[in-house]
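For reference, the structure discussed in these notes is given below.
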Amino acid sequence: MNALLIALFAILVSGGMSQQEGWKMTDRFYGFRFSLSGPGVHGVGMRKHVVALADKYSCFGWVQNVKGDSGDEVVGEVRCAKKYGPLVQEALESGPYPPKASVSGTEIKVYQDTKIKLHFSHFKILNDERKTCFRDQPHQCKEFKEGGESGADARGEKVGTYEL
């Protein structure tokens, strides 16, 4: 009897219960983290530009001004329908940007599981004082740059520093 239950369980786990093509989150969504850096990314409408871009494609997520190691940065996370995510990513990587903006560097990390850390019902501008950072680049926490390992989740992302 035990052998029969084990065999049934193995069948269910190995494929009997797997989601059909098109129903998995990775089939439907595209999520990524980004950082835009440069001498002209704060105070030029960059966050509003990112929100408008996200709204255009019905994405959700967040954007924030931060001071990075190399100066001013605009950072955030985006999650969209799979067909729109790469379009938003391309627009963040290459522009066009607001007229007064000066972007000298971009970093993108596409999430394989599409999940972003902070979920909102719309695309949100976070205040500059809110602590947001991750275990790896872009927008890496200082303690991880210095070799620390505490505070990571199963994906290796920084957790516990967000004020909700």
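Letters for chains follow the order of the structure tokens (A, B, ...), residue numbers begin at 1 for each chain, and ligand numbers begin at 1 in the order shown.
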Counting only C-alpha atoms, which residues in region 43-115 of chain A sit no more than 12 Å from region 25-34 of chain A? For each one, give the nearest pair of atoms and the distance in Å, sorted by chain then residue number, as JSON lines.
{"residue": "A:Val50", "atom": "CA", "partner": "A:Phe34", "partner_atom": "CA", "distance": 10.8}
{"residue": "A:Ala54", "atom": "CA", "partner": "A:Gly31", "partner_atom": "CA", "distance": 11.9}
{"residue": "A:Tyr57", "atom": "CA", "partner": "A:Tyr30", "partner_atom": "CA", "distance": 11.8}
{"residue": "A:Ser58", "atom": "CA", "partner": "A:Phe29", "partner_atom": "CA", "distance": 11.6}
{"residue": "A:Cys59", "atom": "CA", "partner": "A:Gly31", "partner_atom": "CA", "distance": 9.4}
{"residue": "A:Phe60", "atom": "CA", "partner": "A:Gly31", "partner_atom": "CA", "distance": 9.6}
{"residue": "A:Gly61", "atom": "CA", "partner": "A:Gly31", "partner_atom": "CA", "distance": 9.2}
{"residue": "A:Trp62", "atom": "CA", "partner": "A:Arg33", "partner_atom": "CA", "distance": 9.6}
{"residue": "A:Val63", "atom": "CA", "partner": "A:Phe34", "partner_atom": "CA", "distance": 9.1}
{"residue": "A:Gln64", "atom": "CA", "partner": "A:Phe34", "partner_atom": "CA", "distance": 10.5}
{"residue": "A:Asn65", "atom": "CA", "partner": "A:Phe34", "partner_atom": "CA", "distance": 11.9}
{"residue": "A:Glu73", "atom": "CA", "partner": "A:Phe34", "partner_atom": "CA", "distance": 9.9}
{"residue": "A:Val74", "atom": "CA", "partner": "A:Phe34", "partner_atom": "CA", "distance": 8.1}
{"residue": "A:Val75", "atom": "CA", "partner": "A:Phe34", "partner_atom": "CA", "distance": 5.5}
{"residue": "A:Gly76", "atom": "CA", "partner": "A:Phe34", "partner_atom": "CA", "distance": 5.5}
{"residue": "A:Glu77", "atom": "CA", "partner": "A:Arg33", "partner_atom": "CA", "distance": 4.3}
{"residue": "A:Val78", "atom": "CA", "partner": "A:Phe32", "partner_atom": "CA", "distance": 5.5}
{"residue": "A:Arg79", "atom": "CA", "partner": "A:Gly31", "partner_atom": "CA", "distance": 4.2}
{"residue": "A:Cys80", "atom": "CA", "partner": "A:Tyr30", "partner_atom": "CA", "distance": 5.4}
{"residue": "A:Ala81", "atom": "CA", "partner": "A:Phe29", "partner_atom": "CA", "distance": 4.5}
{"residue": "A:Lys82", "atom": "CA", "partner": "A:Phe29", "partner_atom": "CA", "distance": 4.3}
{"residue": "A:Lys83", "atom": "CA", "partner": "A:Tyr30", "partner_atom": "CA", "distance": 7.9}
{"residue": "A:Tyr84", "atom": "CA", "partner": "A:Tyr30", "partner_atom": "CA", "distance": 7.8}
{"residue": "A:Gly85", "atom": "CA", "partner": "A:Tyr30", "partner_atom": "CA", "distance": 5.2}
{"residue": "A:Pro86", "atom": "CA", "partner": "A:Tyr30", "partner_atom": "CA", "distance": 7.6}
{"residue": "A:Leu87", "atom": "CA", "partner": "A:Tyr30", "partner_atom": "CA", "distance": 10.4}
{"residue": "A:Val88", "atom": "CA", "partner": "A:Phe32", "partner_atom": "CA", "distance": 9.9}
{"residue": "A:Gln89", "atom": "CA", "partner": "A:Phe32", "partner_atom": "CA", "distance": 8.0}
{"residue": "A:Glu90", "atom": "CA", "partner": "A:Phe34", "partner_atom": "CA", "distance": 11.1}
{"residue": "A:Ala91", "atom": "CA", "partner": "A:Phe34", "partner_atom": "CA", "distance": 11.5}
{"residue": "A:Leu92", "atom": "CA", "partner": "A:Phe34", "partner_atom": "CA", "distance": 8.1}
{"residue": "A:Glu93", "atom": "CA", "partner": "A:Phe34", "partner_atom": "CA", "distance": 8.9}
{"residue": "A:Gly105", "atom": "CA", "partner": "A:Phe34", "partner_atom": "CA", "distance": 10.6}
{"residue": "A:Thr106", "atom": "CA", "partner": "A:Phe34", "partner_atom": "CA", "distance": 7.2}
{"residue": "A:Glu107", "atom": "CA", "partner": "A:Phe34", "partner_atom": "CA", "distance": 5.5}
{"residue": "A:Ile108", "atom": "CA", "partner": "A:Phe34", "partner_atom": "CA", "distance": 4.5}
{"residue": "A:Lys109", "atom": "CA", "partner": "A:Arg33", "partner_atom": "CA", "distance": 5.2}
{"residue": "A:Val110", "atom": "CA", "partner": "A:Phe32", "partner_atom": "CA", "distance": 4.2}
{"residue": "A:Tyr111", "atom": "CA", "partner": "A:Phe32", "partner_atom": "CA", "distance": 5.2}
{"residue": "A:Gln112", "atom": "CA", "partner": "A:Thr26", "partner_atom": "CA", "distance": 7.5}
{"residue": "A:Asp113", "atom": "CA", "partner": "A:Thr26", "partner_atom": "CA", "distance": 6.0}
{"residue": "A:Thr114", "atom": "CA", "partner": "A:Gly31", "partner_atom": "CA", "distance": 4.2}
{"residue": "A:Lys115", "atom": "CA", "partner": "A:Gly31", "partner_atom": "CA", "distance": 6.0}
Let me see the file: selected residues, C-alpha atoms, as an mmCIF file, in the first residue's frame.
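Full text of part.cif as output:
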data_model
loop_
_atom_site.group_PDB
_atom_site.id
_atom_site.type_symbol
_atom_site.label_atom_id
_atom_site.label_comp_id
_atom_site.auth_asym_id
_atom_site.auth_seq_id
_atom_site.Cartn_x
_atom_site.Cartn_y
_atom_site.Cartn_z
ATOM 1 C CA VAL A 50 9.173 55.782 -15.587
ATOM 2 C CA ALA A 54 4.828 51.681 -16.864
ATOM 3 C CA TYR A 57 1.968 49.188 -20.727
ATOM 4 C CA SER A 58 -0.177 48.444 -17.629
ATOM 5 C CA CYS A 59 2.804 47.465 -15.511
ATOM 6 C CA PHE A 60 3.059 47.651 -11.763
ATOM 7 C CA GLY A 61 6.032 48.159 -9.495
ATOM 8 C CA TRP A 62 7.945 51.060 -8.031
ATOM 9 C CA VAL A 63 10.598 53.691 -8.713
ATOM 10 C CA GLN A 64 12.768 55.719 -6.333
ATOM 11 C CA ASN A 65 15.596 58.272 -6.245
ATOM 12 C CA GLU A 73 20.464 56.841 -9.323
ATOM 13 C CA VAL A 74 16.838 56.130 -10.153
ATOM 14 C CA VAL A 75 16.057 52.531 -9.190
ATOM 15 C CA GLY A 76 13.001 50.315 -9.211
ATOM 16 C CA GLU A 77 11.229 47.128 -10.136
ATOM 17 C CA VAL A 78 8.798 46.527 -12.985
ATOM 18 C CA ARG A 79 6.391 43.669 -13.676
ATOM 19 C CA CYS A 80 4.321 43.578 -16.866
ATOM 20 C CA ALA A 81 2.563 41.227 -19.198
ATOM 21 C CA LYS A 82 5.235 39.137 -20.905
ATOM 22 C CA LYS A 83 4.830 40.850 -24.278
ATOM 23 C CA TYR A 84 5.284 44.345 -22.781
ATOM 24 C CA GLY A 85 8.119 43.762 -20.310
ATOM 25 C CA PRO A 86 10.899 43.735 -22.910
ATOM 26 C CA LEU A 87 9.506 46.951 -24.416
ATOM 27 C CA VAL A 88 9.674 48.716 -21.053
ATOM 28 C CA GLN A 89 13.136 47.293 -20.420
ATOM 29 C CA GLU A 90 14.386 48.558 -23.804
ATOM 30 C CA ALA A 91 12.925 52.026 -23.182
ATOM 31 C CA LEU A 92 14.675 52.214 -19.804
ATOM 32 C CA GLU A 93 17.968 51.031 -21.296
ATOM 33 C CA GLY A 105 24.629 54.142 -17.014
ATOM 34 C CA THR A 106 21.879 51.534 -16.892
ATOM 35 C CA GLU A 107 21.757 48.175 -15.155
ATOM 36 C CA ILE A 108 18.966 45.632 -15.536
ATOM 37 C CA LYS A 109 18.394 42.319 -13.812
ATOM 38 C CA VAL A 110 15.609 40.235 -15.342
ATOM 39 C CA TYR A 111 13.943 37.984 -12.780
ATOM 40 C CA GLN A 112 13.664 34.397 -13.999
ATOM 41 C CA ASP A 113 10.569 33.829 -11.867
ATOM 42 C CA THR A 114 9.149 37.291 -12.818
ATOM 43 C CA LYS A 115 8.326 38.153 -9.184
#
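You will find CA of Phe144 (chain A) at 19.3 Å from CA of Ile116 (chain A).
Going from CA of Lys124 (chain A) to CA of Pro98 (chain A) covers 18.3 Å.
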Exercise for the section: Identify, with DSSP run on backbone atoms, the residues in region 24-75 of chain A assigned to alpha helix (DSSP H), and express the list as a list in words. Expected result: Met25, Thr26, Asp27, Arg28, Met46, Arg47, Lys48, His49, Val50, Val51, Ala52, Leu53, Ala54, Asp55 and Lys56 of chain A
Practice task
Work out how far apart CA of Glu143 (chain A) and CA of Leu118 (chain A) are and give it in Å to one decimal.
Solution key: 20.4 Å
Problem - Surrounding residues of Lys142 (chain A) excluding itself and chain neighbours under 6 positions, 10 Å, only C-alpha atoms, as a VMD selection string - result: chain A and resid 68 to 69 133 to 136 148
Just N, CA, C and O atoms for this one: save the residues we selected as a PDB file, in the first residue's frame.
ATOM      1  N   GLY A  68      23.645  56.528  -4.950  1.00  0.00           N
ATOM      2  CA  GLY A  68      24.447  55.319  -5.061  1.00  0.00           C
ATOM      3  C   GLY A  68      25.915  55.617  -4.830  1.00  0.00           C
ATOM      4  O   GLY A  68      26.300  56.766  -4.585  1.00  0.00           O
ATOM      5  N   ASP A  69      26.741  54.593  -4.921  1.00  0.00           N
ATOM      6  CA  ASP A  69      28.185  54.764  -4.736  1.00  0.00           C
ATOM      7  C   ASP A  69      28.779  55.723  -5.755  1.00  0.00           C
ATOM      8  O   ASP A  69      29.723  56.442  -5.467  1.00  0.00           O
ATOM      9  N   CYS A 133      16.933  47.884  -1.086  1.00  0.00           N
ATOM     10  CA  CYS A 133      18.178  47.421  -1.686  1.00  0.00           C
ATOM     11  C   CYS A 133      18.123  45.898  -1.789  1.00  0.00           C
ATOM     12  O   CYS A 133      17.227  45.269  -1.257  1.00  0.00           O
ATOM     13  N   PHE A 134      19.119  45.345  -2.492  1.00  0.00           N
ATOM     14  CA  PHE A 134      19.111  43.930  -2.805  1.00  0.00           C
ATOM     15  C   PHE A 134      20.478  43.322  -2.543  1.00  0.00           C
ATOM     16  O   PHE A 134      21.475  44.018  -2.382  1.00  0.00           O
ATOM     17  N   ARG A 135      20.530  42.013  -2.571  1.00  0.00           N
ATOM     18  CA  ARG A 135      21.779  41.306  -2.306  1.00  0.00           C
ATOM     19  C   ARG A 135      22.782  41.491  -3.440  1.00  0.00           C
ATOM     20  O   ARG A 135      23.987  41.497  -3.218  1.00  0.00           O
ATOM     21  N   ASP A 136      22.290  41.610  -4.664  1.00  0.00           N
ATOM     22  CA  ASP A 136      23.187  41.761  -5.804  1.00  0.00           C
ATOM     23  C   ASP A 136      22.811  42.999  -6.612  1.00  0.00           C
ATOM     24  O   ASP A 136      21.848  43.687  -6.317  1.00  0.00           O
ATOM     25  N   GLY A 148      28.763  40.689   3.385  1.00  0.00           N
ATOM     26  CA  GLY A 148      27.821  40.153   4.363  1.00  0.00           C
ATOM     27  C   GLY A 148      26.858  39.185   3.722  1.00  0.00           C
ATOM     28  O   GLY A 148      26.592  39.252   2.544  1.00  0.00           O
TER      29      GLY A 148
END
Just the residues within 10 Å of Asp55 (chain A), please, counting only C-alpha atoms, with nothing from its chain fewer than 6 positions along; format it as a JSON list (two decimals) with C-alpha atoms, in the first residue's frame.
[["chain", "number", "residue", "atom", "x", "y", "z"],
["A", 49, "HIS", "CA", 8.75, 59.36, -16.88],
["A", 80, "CYS", "CA", 4.32, 43.58, -16.87],
["A", 122, "HIS", "CA", -0.28, 50.57, -9.56],
["A", 123, "PHE", "CA", 3.17, 51.90, -10.33]]
